[in-house]
Amino acid sequence: MTKLVVSMPGSGLLADRLAAGLCAEHAEPRTRRFPDGESYVRLDTDCENKDLIVVGSLDRPDEKFLQLIFLCDLLRELGAARVVLCAPYLAYMRQDKRFRAGEAVTSQSFARILCRAVDGLVTVDPHLHRYRNLGDLYNVPTRVGHAAGLIADWIKTEVRRPLLVGPDSESEQWVADVAARAGVPHIVLEKTRRGDRDVEVSVPEVERWRDHRPVLVDDIISTAGTMIETVRHLGAAGLSAPMCVGVHGVFADDAHGELLGAGVQGIVTTNTIAHETNGIDVSGILIEALDDLFGE
Ligand code: R5P
């Protein structure tokens, strides 16, 4: 079946790489906002009987989501055989339970809406904490690419005597995996979140790692509060300035500037979300995941 890659605004660069790897054309829809804020979407490329891959990272999802749903609907109306969403960063994974009475469990609502619009979903390292896998939430075929191998390769090449540091127990799954692949030590800290931007981190016996370069590894850097607090504690314990590695660099507001200002050696993210810190390319693992999904 012929494949066609269609990119949402902001994901064109990654879509180009995916199209090249999948031997597919890449089409960009025209999108704009009417003066009243409603969305306009148009695609003048033939979609009849093609497998459509919509590439769109879902950071800032509320700004993008309706256009995405309109686009997927349009592709079906234009005769697409299948519409698969390739969302390298999948949003609304963190509200995975009703923490307080009356709260919306948005991870479930979001998945329900998305599943009506697409025939499959491919992503990279979704934030799975209380869900075991994406199938607990999404009832369309899904594939997940893992960035751990790419991050481990990057650390091995770029950092001398690394000590991998996970800011909290939720990060242990990534940090332990990356450390094992890179063959380097790791520790995991303890985090207490008191509010959206108020995070306290405690550090167990870091003194024994003084001659190592700390490398903070987390799945998401959003407000950067978790990393900034960790950087402070490592600094207070006398460790060298850490390198910060995030799979998904969401960088809310001025999070990037604030993290740089906290005294880090550098910040590197994968290109699941386009950002100037992108230094690790996930297109290869996305191509494999898409090939696997279409080949099933
Ligand atoms: C926690 O659940 C995640 O693994 C990250 O630690 C968290 O999302 C980072 O958020 P922030 O940058 O806002 O501290």
# chains A, B, ... in the order shown; residues from 1 in each chain; ligands from 1

$ closest_atom_pairs --of "chain A" --to "ligand 1" --cutoff "10 Å" --atoms "only C-alpha atoms and all ligand atoms" --output "tab-separated table"
residue	atom	partner	partner_atom_place_in_ligand_line	distance
A:Met93	CA	ligand 1	2 (O)	9.3
A:Arg94	CA	ligand 1	2 (O)	6.5
A:Gln95	CA	ligand 1	2 (O)	9.5
A:His127	CA	ligand 1	4 (O)	6.9
A:Leu128	CA	ligand 1	4 (O)	9.1
A:His129	CA	ligand 1	2 (O)	7.7
A:Gly166	CA	ligand 1	6 (O)	8.6
A:Pro167	CA	ligand 1	6 (O)	6.7
A:Asp168	CA	ligand 1	6 (O)	6.8
A:Ser169	CA	ligand 1	4 (O)	8.4
A:Glu170	CA	ligand 1	4 (O)	5.4
A:Ser171	CA	ligand 1	4 (O)	5.3
A:Glu172	CA	ligand 1	4 (O)	9.0
A:Gln173	CA	ligand 1	4 (O)	9.7
A:Trp174	CA	ligand 1	4 (O)	9.2
A:Lys191	CA	ligand 1	6 (O)	8.9
A:Arg193	CA	ligand 1	14 (O)	8.7
A:Gly195	CA	ligand 1	13 (O)	9.9
A:Asp196	CA	ligand 1	13 (O)	7.0
A:Arg197	CA	ligand 1	13 (O)	6.7
A:Asp198	CA	ligand 1	14 (O)	8.5
A:Val199	CA	ligand 1	14 (O)	7.2
A:Val217	CA	ligand 1	6 (O)	9.1
A:Asp218	CA	ligand 1	4 (O)	5.8
A:Asp219	CA	ligand 1	4 (O)	5.3
A:Ile220	CA	ligand 1	8 (O)	4.8
A:Ile221	CA	ligand 1	12 (O)	3.9
A:Ser222	CA	ligand 1	12 (O)	3.6
A:Thr223	CA	ligand 1	13 (O)	3.7
A:Ala224	CA	ligand 1	12 (O)	3.4
A:Gly225	CA	ligand 1	14 (O)	3.9
A:Thr226	CA	ligand 1	14 (O)	3.7
A:Met227	CA	ligand 1	14 (O)	6.4
A:Ile228	CA	ligand 1	14 (O)	8.1
A:Glu229	CA	ligand 1	14 (O)	8.6
A:Thr230	CA	ligand 1	14 (O)	9.9
A:Gly246	CA	ligand 1	5 (C)	9.2
A:His248	CA	ligand 1	8 (O)	9.4
A:Gly249	CA	ligand 1	12 (O)	8.7
A:Val250	CA	ligand 1	12 (O)	8.1
A:Phe251	CA	ligand 1	12 (O)	7.4
A:Ala252	CA	ligand 1	13 (O)	7.9
A:Ala255	CA	ligand 1	12 (O)	7.8
A:His256	CA	ligand 1	12 (O)	9.9
A:Leu259	CA	ligand 1	12 (O)	9.6

$ closest_atom_pairs --of "segment 51-106 of chain A" --to "segment 268-274 of chain A" --cutoff "10 Å" --atoms "only C-alpha atoms" --output "JSON lines"
{"residue": "A:Gly56", "atom": "CA", "partner": "A:Ile273", "partner_atom": "CA", "distance": 9.1}
{"residue": "A:Ser57", "atom": "CA", "partner": "A:Ile273", "partner_atom": "CA", "distance": 6.1}
{"residue": "A:Leu58", "atom": "CA", "partner": "A:Ile273", "partner_atom": "CA", "distance": 8.2}
{"residue": "A:Asp59", "atom": "CA", "partner": "A:Ile273", "partner_atom": "CA", "distance": 7.1}
{"residue": "A:Ala87", "atom": "CA", "partner": "A:Thr272", "partner_atom": "CA", "distance": 8.1}
{"residue": "A:Pro88", "atom": "CA", "partner": "A:Thr272", "partner_atom": "CA", "distance": 4.8}
{"residue": "A:Tyr89", "atom": "CA", "partner": "A:Thr272", "partner_atom": "CA", "distance": 5.6}
{"residue": "A:Leu90", "atom": "CA", "partner": "A:Thr272", "partner_atom": "CA", "distance": 9.4}

$ atom_distance --atom1 "atom CA of Ala81 of chain A" --atom2 "atom CA of Leu52 of chain A"
7.5 Å

$ closest_atom_pairs --of "segment 115-154 of chain A" --to "segment 69-78 of chain A" --cutoff "12 Å" --atoms "only C-alpha atoms" --output "tab-separated table"
residue	atom	partner	partner_atom	distance
A:Cys115	CA	A:Ile69	CA	10.3
A:Arg116	CA	A:Ile69	CA	9.2
A:Ala117	CA	A:Cys72	CA	6.0
A:Val118	CA	A:Cys72	CA	6.7
A:Asp119	CA	A:Cys72	CA	9.7
A:Gly120	CA	A:Cys72	CA	11.4

$ closest_residue --among "A:Gly238, A:Gly149, A:Gly295, A:Pro214" --to "Ala182 of chain A" --atoms "only C-alpha atoms"
A:Gly149

$ closest_residue --among "A:Ala152, A:Val165, A:Leu66, A:Met8" --to "Ile113 of chain A" --atoms "only C-alpha atoms"
A:Leu66

$ residues_around --residues "Cys47 of chain A" --least-positions-apart "2" --cutoff "6 Å" --atoms "only C-alpha atoms" --output "count of residues only"
4

$ closest_residue --among "A:Phe110, A:Phe294, A:Glu205, A:Leu189" --to "Met1 of chain A" --atoms "only C-alpha atoms"
A:Phe294
